[in-house]
$ cat target-v9.pdb   # PDB, C-alpha atoms
MODEL        1
ATOM      1  CA  MET W 103     -36.774 -23.204  -8.263
ATOM      2  CA  GLU W 104     -35.199 -22.616  -4.862
ATOM      3  CA  HIS W 105     -31.479 -22.580  -4.153
ATOM      4  CA  GLU W 106     -29.050 -21.184  -1.555
ATOM      5  CA  VAL W 107     -25.571 -19.826  -2.261
ATOM      6  CA  TYR W 108     -22.804 -18.602   0.067
ATOM      7  CA  VAL W 109     -20.865 -15.336  -0.269
ATOM      8  CA  PRO W 110     -17.964 -14.771   2.192
ATOM      9  CA  PHE W 111     -18.768 -11.097   2.808
ATOM     10  CA  PRO W 112     -21.000  -9.235   5.312
ATOM     11  CA  VAL W 113     -24.673  -8.806   4.500
ATOM     12  CA  GLU W 114     -24.450  -5.035   4.050
ATOM     13  CA  ALA W 115     -21.600  -5.311   1.539
ATOM     14  CA  VAL W 116     -23.401  -8.008  -0.466
ATOM     15  CA  ARG W 117     -26.678  -6.084  -0.424
ATOM     16  CA  GLN W 118     -24.928  -2.956  -1.701
ATOM     17  CA  ALA W 119     -23.366  -4.972  -4.518
ATOM     18  CA  LEU W 120     -26.708  -6.559  -5.492
ATOM     19  CA  THR W 121     -28.332  -3.133  -5.872
ATOM     20  CA  GLU W 122     -25.895  -2.291  -8.703
ATOM     21  CA  PRO W 123     -27.427  -3.733 -11.902
ATOM     22  CA  GLU W 124     -24.235  -3.502 -13.946
ATOM     23  CA  ARG W 125     -22.260  -5.389 -11.295
ATOM     24  CA  VAL W 126     -24.963  -8.061 -11.049
ATOM     25  CA  ALA W 127     -24.944  -8.495 -14.831
ATOM     26  CA  ARG W 128     -21.197  -8.861 -15.166
ATOM     27  CA  CYS W 129     -21.162 -11.496 -12.393
ATOM     28  CA  ILE W 130     -23.644 -13.706 -14.281
ATOM     29  CA  PRO W 131     -21.638 -16.481 -15.988
ATOM     30  CA  GLY W 132     -21.819 -16.315 -19.762
ATOM     31  CA  CYS W 133     -23.008 -12.685 -19.805
ATOM     32  CA  GLN W 134     -21.334 -10.146 -22.098
ATOM     33  CA  LEU W 135     -22.523  -6.547 -21.740
ATOM     34  CA  ASP W 136     -22.842  -4.184 -24.683
ATOM     35  CA  ALA W 137     -20.247  -1.420 -24.904
ATOM     36  CA  ASP W 138     -22.965   1.237 -24.609
ATOM     37  CA  ALA W 139     -25.012  -0.586 -21.975
ATOM     38  CA  ASP W 140     -27.060   1.532 -19.592
ATOM     39  CA  PRO W 141     -25.718   1.002 -16.017
ATOM     40  CA  GLY W 142     -29.286   1.169 -14.666
ATOM     41  CA  THR W 143     -30.697  -1.355 -17.149
ATOM     42  CA  PRO W 144     -27.701  -3.160 -18.633
ATOM     43  CA  GLY W 145     -28.173  -5.054 -21.870
ATOM     44  CA  GLY W 146     -26.093  -7.624 -23.697
ATOM     45  CA  ARG W 147     -25.749 -11.297 -24.580
ATOM     46  CA  LEU W 148     -26.169 -14.340 -22.342
ATOM     47  CA  ARG W 149     -24.931 -17.794 -23.309
ATOM     48  CA  LEU W 150     -26.873 -20.412 -21.338
ATOM     49  CA  ARG W 151     -25.850 -24.062 -21.389
ATOM     50  CA  ILE W 152     -28.748 -26.495 -21.072
ATOM     51  CA  GLY W 153     -27.710 -30.128 -21.067
ATOM     52  CA  SER W 154     -25.517 -30.664 -24.118
ATOM     53  CA  SER W 155     -26.683 -27.561 -25.998
ATOM     54  CA  THR W 156     -26.063 -23.823 -25.646
ATOM     55  CA  ILE W 157     -28.640 -21.080 -26.157
ATOM     56  CA  THR W 158     -27.664 -17.420 -26.713
ATOM     57  CA  TYR W 159     -30.088 -14.685 -25.654
ATOM     58  CA  ARG W 160     -30.078 -10.936 -26.175
ATOM     59  CA  GLY W 161     -31.838  -8.990 -23.453
ATOM     60  CA  THR W 162     -31.796  -6.642 -20.487
ATOM     61  CA  LEU W 163     -31.738  -6.881 -16.702
ATOM     62  CA  THR W 164     -33.182  -4.772 -13.885
ATOM     63  CA  VAL W 165     -32.567  -4.893 -10.136
ATOM     64  CA  ALA W 166     -34.673  -3.491  -7.305
ATOM     65  CA  ALA W 167     -34.222  -3.542  -3.516
ATOM     66  CA  ARG W 168     -37.148  -4.602  -1.355
ATOM     67  CA  GLY W 169     -36.449  -3.568   2.218
ATOM     68  CA  THR W 170     -33.144  -4.225   3.900
ATOM     69  CA  ASP W 171     -32.834  -7.954   3.249
ATOM     70  CA  THR W 172     -34.455  -8.619  -0.139
ATOM     71  CA  VAL W 173     -33.449  -7.875  -3.725
ATOM     72  CA  THR W 174     -35.426  -8.744  -6.844
ATOM     73  CA  VAL W 175     -33.908  -9.377 -10.254
ATOM     74  CA  GLU W 176     -35.934  -9.225 -13.475
ATOM     75  CA  ALA W 177     -34.486 -10.286 -16.832
ATOM     76  CA  SER W 178     -35.887 -10.931 -20.290
ATOM     77  CA  GLY W 179     -34.361 -11.916 -23.616
ATOM     78  CA  ILE W 180     -34.916 -13.430 -27.022
ATOM     79  CA  GLU W 181     -32.892 -16.064 -28.814
ATOM     80  CA  SER W 182     -30.239 -14.641 -31.115
ATOM     81  CA  ARG W 183     -30.907 -17.572 -33.478
ATOM     82  CA  GLY W 184     -34.551 -18.518 -33.320
ATOM     83  CA  ASP W 185     -37.927 -17.306 -32.199
ATOM     84  CA  GLY W 186     -37.730 -18.374 -28.585
ATOM     85  CA  SER W 187     -37.771 -16.068 -25.563
ATOM     86  CA  ALA W 188     -37.286 -16.274 -21.804
ATOM     87  CA  GLU W 189     -38.287 -14.195 -18.823
ATOM     88  CA  LEU W 190     -36.803 -14.530 -15.316
ATOM     89  CA  SER W 191     -38.148 -13.286 -11.997
ATOM     90  CA  LEU W 192     -35.755 -13.931  -9.090
ATOM     91  CA  THR W 193     -36.148 -13.003  -5.438
ATOM     92  CA  VAL W 194     -32.969 -13.003  -3.323
ATOM     93  CA  ARG W 195     -33.131 -12.848   0.484
ATOM     94  CA  LEU W 196     -29.970 -12.059   2.418
ATOM     95  CA  ALA W 197     -29.145 -13.466   5.843
ATOM     96  CA  THR W 198     -26.019 -13.787   7.960
ATOM     97  CA  ALA W 199     -24.469 -17.244   7.796
ATOM     98  CA  PRO W 200     -25.053 -19.304  10.983
ATOM     99  CA  ASP W 201     -21.383 -20.306  11.276
ATOM    100  CA  ASP W 202     -20.341 -17.000  12.945
ATOM    101  CA  THR W 203     -18.007 -16.110  10.074
ATOM    102  CA  GLY W 204     -19.865 -12.901   9.168
ATOM    103  CA  ALA W 205     -20.591 -14.250   5.665
ATOM    104  CA  THR W 206     -23.895 -14.024   3.796
ATOM    105  CA  VAL W 207     -26.325 -16.687   2.665
ATOM    106  CA  LEU W 208     -28.435 -15.847  -0.390
ATOM    107  CA  SER W 209     -31.751 -17.694  -0.539
ATOM    108  CA  CYS W 210     -32.896 -17.547  -4.149
ATOM    109  CA  THR W 211     -36.427 -18.270  -5.343
ATOM    110  CA  GLY W 212     -37.110 -17.875  -9.036
ATOM    111  CA  THR W 213     -39.453 -18.652 -11.898
ATOM    112  CA  VAL W 214     -38.711 -18.779 -15.621
ATOM    113  CA  THR W 215     -41.235 -18.472 -18.419
ATOM    114  CA  SER W 216     -39.867 -19.543 -21.785
ATOM    115  CA  THR W 217     -40.636 -20.525 -25.335
ATOM    116  CA  GLY W 218     -38.480 -22.103 -27.990
ATOM    117  CA  ARG W 219     -35.423 -24.226 -27.211
ATOM    118  CA  LEU W 220     -35.441 -23.608 -23.424
ATOM    119  CA  ALA W 221     -39.063 -24.753 -23.207
ATOM    120  CA  GLU W 222     -38.099 -28.019 -24.920
ATOM    121  CA  ALA W 223     -35.545 -28.895 -22.209
ATOM    122  CA  THR W 224     -36.496 -31.267 -19.404
ATOM    123  CA  ASP W 225     -37.283 -29.912 -15.951
ATOM    124  CA  GLN W 226     -34.205 -31.659 -14.533
ATOM    125  CA  ALA W 227     -31.901 -30.117 -17.145
ATOM    126  CA  ALA W 228     -33.377 -26.645 -16.612
ATOM    127  CA  GLU W 229     -33.117 -26.904 -12.805
ATOM    128  CA  SER W 230     -29.516 -28.155 -13.012
ATOM    129  CA  ALA W 231     -28.615 -25.257 -15.319
ATOM    130  CA  GLY W 232     -30.252 -22.736 -12.959
ATOM    131  CA  ARG W 233     -28.385 -24.053  -9.906
ATOM    132  CA  ARG W 234     -25.100 -24.002 -11.816
ATOM    133  CA  VAL W 235     -25.667 -20.391 -12.869
ATOM    134  CA  LEU W 236     -26.410 -19.309  -9.266
ATOM    135  CA  ASP W 237     -23.363 -21.129  -7.851
ATOM    136  CA  ARG W 238     -21.035 -19.527 -10.370
ATOM    137  CA  PHE W 239     -22.735 -16.158  -9.861
ATOM    138  CA  ALA W 240     -21.954 -16.304  -6.107
ATOM    139  CA  ALA W 241     -18.311 -17.164  -6.825
ATOM    140  CA  ASN W 242     -18.028 -14.310  -9.332
ATOM    141  CA  LEU W 243     -19.670 -11.886  -6.906
ATOM    142  CA  ALA W 244     -17.201 -12.823  -4.158
ATOM    143  CA  ALA W 245     -14.278 -12.272  -6.539
ATOM    144  CA  ASP W 246     -15.738  -8.949  -7.677
ATOM    145  CA  LEU W 247     -16.181  -7.796  -4.064
ATOM    146  CA  THR W 248     -12.580  -8.736  -3.352
ATOM    147  CA  ASP W 249     -11.330  -6.559  -6.216
ATOM    148  CA  ASN W 250     -13.957  -3.801  -5.888
ATOM    149  CA  PRO W 251     -15.363  -3.529  -2.349
ATOM    150  CA  ALA W 252     -18.905  -2.209  -2.268
ATOM    151  CA  ASP W 253     -18.990  -0.970   1.312
ATOM    152  CA  GLU W 254     -17.709   2.419   2.421
ATOM    153  CA  PRO W 255     -14.260   2.795   4.050
ATOM    154  CA  ASP W 256     -14.199   2.182   7.761
ATOM    155  CA  ALA W 257     -14.434   5.474   9.652
ATOM    156  CA  GLY W 258     -12.257   4.054  12.397
ATOM    157  CA  ALA W 259      -9.444   3.108  10.050
ATOM    158  CA  PRO W 260      -6.063   4.648  10.858
ATOM    159  CA  PRO W 261      -5.094   7.698   8.788
ATOM    160  CA  ALA W 262      -2.876   7.319   5.794
ATOM    161  CA  ALA W 263       0.835   7.170   6.423
ATOM    162  CA  GLN W 264       2.470  10.575   6.604
ATOM    163  CA  GLY W 265       4.783  11.454   3.767
ATOM    164  CA  VAL W 266       8.427  12.219   4.243
ATOM    165  CA  PHE W 267       7.986  15.900   3.364
ATOM    166  CA  ASP W 268       4.987  16.220   5.717
ATOM    167  CA  ALA W 269       6.912  15.127   8.783
ATOM    168  CA  GLU W 270       7.703  17.743  11.393
ATOM    169  CA  ILE W 271      11.328  18.886  11.306
ATOM    170  CA  PRO W 272      12.934  18.999  14.755
ATOM    171  CA  PRO W 273      14.704  22.269  15.677
ATOM    172  CA  PRO W 274      18.512  22.390  15.557
ATOM    173  CA  SER W 275      20.259  21.258  18.707
ATOM    174  CA  LEU W 276      22.040  24.661  19.003
ATOM    175  CA  ASP W 277      18.916  26.770  18.523
ATOM    176  CA  PRO W 278      18.549  29.019  21.606
ATOM    177  CA  LEU W 279      14.747  29.127  21.088
ATOM    178  CA  THR W 280      14.266  25.388  21.580
ATOM    179  CA  ASP W 281      11.715  24.861  24.339
ATOM    180  CA  ASP W 282      12.890  21.438  25.458
ATOM    181  CA  GLN W 283      16.591  22.325  25.654
ATOM    182  CA  ASP W 284      17.504  22.364  29.333
ATOM    183  CA  ASP W 285      21.109  23.549  29.135
ATOM    184  CA  ALA W 286      22.131  26.978  27.908
ATOM    185  CA  VAL W 287      23.924  27.266  24.594
ATOM    186  CA  PRO W 288      27.686  27.368  25.135
ATOM    187  CA  ALA W 289      29.107  30.841  24.780
ATOM    188  CA  GLU W 290      31.674  29.735  22.222
ATOM    189  CA  ALA W 291      29.003  28.196  19.965
ATOM    190  CA  ALA W 292      26.786  31.279  20.219
ATOM    191  CA  HIS W 293      29.746  33.546  19.396
ATOM    192  CA  ALA W 294      30.712  31.392  16.424
ATOM    193  CA  ARG W 295      27.142  31.520  15.124
ATOM    194  CA  ARG W 296      26.954  35.290  15.533
ATOM    195  CA  THR W 297      30.191  35.796  13.619
ATOM    196  CA  MET W 298      28.734  33.865  10.638
ATOM    197  CA  ILE W 299      25.765  36.221  10.207
ATOM    198  CA  GLY W 300      26.065  38.161   6.973
ATOM    199  CA  ARG W 301      28.711  35.874   5.498
ATOM    200  CA  SER W 302      28.270  33.946   2.299
ATOM    201  CA  ALA W 303      27.396  30.252   2.281
ATOM    202  CA  GLU W 304      30.837  29.418   0.885
ATOM    203  CA  GLU W 305      32.564  31.350   3.675
ATOM    204  CA  VAL W 306      30.409  29.672   6.290
ATOM    205  CA  ASP W 307      31.073  26.223   4.850
ATOM    206  CA  HIS W 308      34.838  26.786   4.829
ATOM    207  CA  ALA W 309      35.128  28.777   8.034
ATOM    208  CA  PRO W 310      36.827  26.684  10.701
ATOM    209  CA  PRO W 311      34.888  26.427  13.939
ATOM    210  CA  ARG W 312      36.198  28.164  16.996
ATOM    211  CA  GLY W 313      35.999  27.698  20.720
ATOM    212  CA  ARG W 314      35.370  24.256  22.101
ATOM    213  CA  TYR W 315      34.191  23.108  18.656
ATOM    214  CA  ALA W 316      37.471  24.033  16.933
ATOM    215  CA  PRO W 317      39.593  21.113  15.670
ATOM    216  CA  VAL W 318      42.298  20.007  18.076
ATOM    217  CA  PRO W 319      45.756  20.823  16.569
ATOM    218  CA  ALA W 320      48.101  17.939  16.028
ATOM    219  CA  PRO W 321      50.499  17.590  18.989
ATOM    220  CA  GLN W 322      54.000  18.782  18.231
ATOM    221  CA  SER W 323      56.769  16.264  18.657
ATOM    222  CA  ALA W 324      58.640  16.812  21.917
ATOM    223  CA  THR W 325      61.230  14.207  21.011
ATOM    224  CA  THR W 326      62.773  16.357  18.269
ATOM    225  CA  SER W 327      63.161  19.415  20.485
ATOM    226  CA  ALA W 328      64.544  17.300  23.336
ATOM    227  CA  THR W 329      67.072  15.690  20.994
ATOM    228  CA  LEU W 330      68.238  19.043  19.677
ATOM    229  CA  ARG W 331      68.467  20.413  23.212
ATOM    230  CA  TRP W 332      70.880  17.648  24.357
ATOM    231  CA  ALA W 333      72.760  17.070  21.086
ATOM    232  CA  ALA W 334      75.032  20.172  21.327
ATOM    233  CA  PRO W 335      76.461  19.460  24.818
ATOM    234  CA  ALA W 336      77.006  15.803  23.930
ATOM    235  CA  ALA W 337      78.859  16.715  20.761
ATOM    236  CA  ALA W 338      81.090  19.196  22.639
ATOM    237  CA  LEU W 339      81.888  16.592  25.285
ATOM    238  CA  ALA W 340      82.760  14.006  22.651
ATOM    239  CA  LEU W 341      85.051  16.477  20.862
ATOM    240  CA  ALA W 342      86.875  17.429  24.097
ATOM    241  CA  SER W 343      87.353  13.776  24.973
ATOM    242  CA  ALA W 344      88.836  13.094  21.561
ATOM    243  CA  VAL W 345      91.339  15.964  21.971
ATOM    244  CA  VAL W 346      92.461  14.768  25.438
ATOM    245  CA  VAL W 347      92.897  11.185  24.254
ATOM    246  CA  GLY W 348      94.935  12.388  21.286
ATOM    247  CA  ARG W 349      97.331  14.377  23.460
ATOM    248  CA  VAL W 350      97.858  11.440  25.872
ATOM    249  CA  LEU W 351      98.732   9.145  23.021
ATOM    250  CA  ARG W 352     101.273  11.640  21.557
ATOM    251  CA  ARG W 353     103.018  11.994  24.962
ATOM    252  CA  ARG W 354     103.456   8.227  25.313
ATOM    253  CA  ARG W 355     105.136   8.053  21.958
TER     254      ARG W 355
ENDMDL
END
$ encode --input "target-v9.pdb" --output "structure tokens"
Amino acid sequence: MEHEVYVPFPVEAVRQALTEPERVARCIPGCQLDADADPGTPGGRLRLRIGSSTITYRGTLTVAARGTDTVTVEASGIESRGDGSAELSLTVRLATAPDDTGATVLSCTGTVTSTGRLAEATDQAAESAGRRVLDRFAANLAADLTDNPADEPDAGAPPAAQGVFDAEIPPPSLDPLTDDQDDAVPAEAAHARRTMIGRSAEEVDHAPPRGRYAPVPAPQSATTSATLRWAAPAAALALASAVVVGRVLRRRR
């Protein structure tokens, strides 16, 4: 049988994935690996649907690379219920898809030697089952590559984002040793910093700043002082006027 399948990944990534027997086995539809399966020669169960019936095999699988563009797959098994057996020899050639998408085309050529129930199936039913298995295998392989990439990380990839605690802390704006500070530190600020040396953190936190950084005192009200300054003369004048008016009124009477 000959059949082609499409995998939307580069040739190198697909080839790397096909050289991993355990990955190949778990991408085969209907395959269930044993819990203690050897990663190099995985073993387990395979349920194969042929026409309207299903055959279950127990067996193992091996994978070998042949050059840079060819992988061979060998598998053998026996029926879990019956005396039949099957042996598969599959050659897979990898090539870049001609549609300029960077995907891979797998050209599969295989032969199956069988006895028992699989041997009783018609050639059309066996070929249809084989094509269906390969199509679903390609879909499973693409999904597996999406979740577990086989190729190495790109050397040109940008470095990981820097953590918050790894970031460089800029020097204080009042540090006299800052290289990129053009203006000299004000004398008042330097004096205030020198006076805080040797004091406790609580004293420094509560010490009011001095010099140009000291808080501006609230302006005193000039209206109150002005009022008090003019109130005394005005009161004296009003009192004198009241006395004069009183005397004039008594004389008229």
$ atom_distance --input "target-v9.pdb" --atom1 "atom CA of Pro144 of chain W" --atom2 "atom CA of Ala244 of chain W"
20.3 Å
$ closest_residue --input "target-v9.pdb" --among "W:Glu106, W:Glu229, W:Asp201, W:Glu189" --to "Gly153 of chain W" --atoms "all atoms listed in the file"
W:Glu229
$ residues_around --input "target-v9.pdb" --residues "segment 125-131 of chain W" --least-positions-apart "2" --cutoff "12 Å" --atoms "all atoms listed in the file" --output "CSV table (one decimal) with C-alpha atoms, in the frame of the given file"
chain,number,residue,atom,x,y,z
W,116,VAL,CA,-23.4,-8.0,-0.5
W,117,ARG,CA,-26.7,-6.1,-0.4
W,118,GLN,CA,-24.9,-3.0,-1.7
W,119,ALA,CA,-23.4,-5.0,-4.5
W,120,LEU,CA,-26.7,-6.6,-5.5
W,121,THR,CA,-28.3,-3.1,-5.9
W,122,GLU,CA,-25.9,-2.3,-8.7
W,123,PRO,CA,-27.4,-3.7,-11.9
W,133,CYS,CA,-23.0,-12.7,-19.8
W,134,GLN,CA,-21.3,-10.1,-22.1
W,135,LEU,CA,-22.5,-6.5,-21.7
W,136,ASP,CA,-22.8,-4.2,-24.7
W,139,ALA,CA,-25.0,-0.6,-22.0
W,140,ASP,CA,-27.1,1.5,-19.6
W,141,PRO,CA,-25.7,1.0,-16.0
W,142,GLY,CA,-29.3,1.2,-14.7
W,143,THR,CA,-30.7,-1.4,-17.1
W,144,PRO,CA,-27.7,-3.2,-18.6
W,145,GLY,CA,-28.2,-5.1,-21.9
W,146,GLY,CA,-26.1,-7.6,-23.7
W,147,ARG,CA,-25.7,-11.3,-24.6
W,148,LEU,CA,-26.2,-14.3,-22.3
W,149,ARG,CA,-24.9,-17.8,-23.3
W,150,LEU,CA,-26.9,-20.4,-21.3
W,151,ARG,CA,-25.8,-24.1,-21.4
W,161,GLY,CA,-31.8,-9.0,-23.5
W,162,THR,CA,-31.8,-6.6,-20.5
W,163,LEU,CA,-31.7,-6.9,-16.7
W,164,THR,CA,-33.2,-4.8,-13.9
W,165,VAL,CA,-32.6,-4.9,-10.1
W,166,ALA,CA,-34.7,-3.5,-7.3
W,173,VAL,CA,-33.4,-7.9,-3.7
W,174,THR,CA,-35.4,-8.7,-6.8
W,175,VAL,CA,-33.9,-9.4,-10.3
W,176,GLU,CA,-35.9,-9.2,-13.5
W,177,ALA,CA,-34.5,-10.3,-16.8
W,231,ALA,CA,-28.6,-25.3,-15.3
W,232,GLY,CA,-30.3,-22.7,-13.0
W,233,ARG,CA,-28.4,-24.1,-9.9
W,234,ARG,CA,-25.1,-24.0,-11.8
W,235,VAL,CA,-25.7,-20.4,-12.9
W,236,LEU,CA,-26.4,-19.3,-9.3
W,237,ASP,CA,-23.4,-21.1,-7.9
W,238,ARG,CA,-21.0,-19.5,-10.4
W,239,PHE,CA,-22.7,-16.2,-9.9
W,240,ALA,CA,-22.0,-16.3,-6.1
W,241,ALA,CA,-18.3,-17.2,-6.8
W,242,ASN,CA,-18.0,-14.3,-9.3
W,243,LEU,CA,-19.7,-11.9,-6.9
W,244,ALA,CA,-17.2,-12.8,-4.2
W,245,ALA,CA,-14.3,-12.3,-6.5
W,246,ASP,CA,-15.7,-8.9,-7.7
W,247,LEU,CA,-16.2,-7.8,-4.1
W,250,ASN,CA,-14.0,-3.8,-5.9
W,251,PRO,CA,-15.4,-3.5,-2.3
W,252,ALA,CA,-18.9,-2.2,-2.3
$ atom_distance --input "target-v9.pdb" --atom1 "atom CA of Ala188 of chain W" --atom2 "atom CA of Thr156 of chain W"
14.1 Å
$ residues_around --input "target-v9.pdb" --residues "Leu196 of chain W" --least-positions-apart "6" --cutoff "8 Å" --atoms "all atoms listed in the file" --output "PyMOL selection string"
chain W and resi 113+117+171-172+206-209
$ residues_around --input "target-v9.pdb" --residues "segment 210-218 of chain W" --least-positions-apart "6" --cutoff "6 Å" --atoms "only C-alpha atoms" --output "number ranges by chain"
W: 103-106, 186-194
$ closest_residue --input "target-v9.pdb" --among "W:Ser343, W:Thr224, W:Thr198, W:Thr248" --to "Ser154 of chain W" --atoms "only C-alpha atoms"
W:Thr224
$ atom_distance --input "target-v9.pdb" --atom1 "atom CA of Ala197 of chain W" --atom2 "atom CA of Ala115 of chain W"
11.9 Å
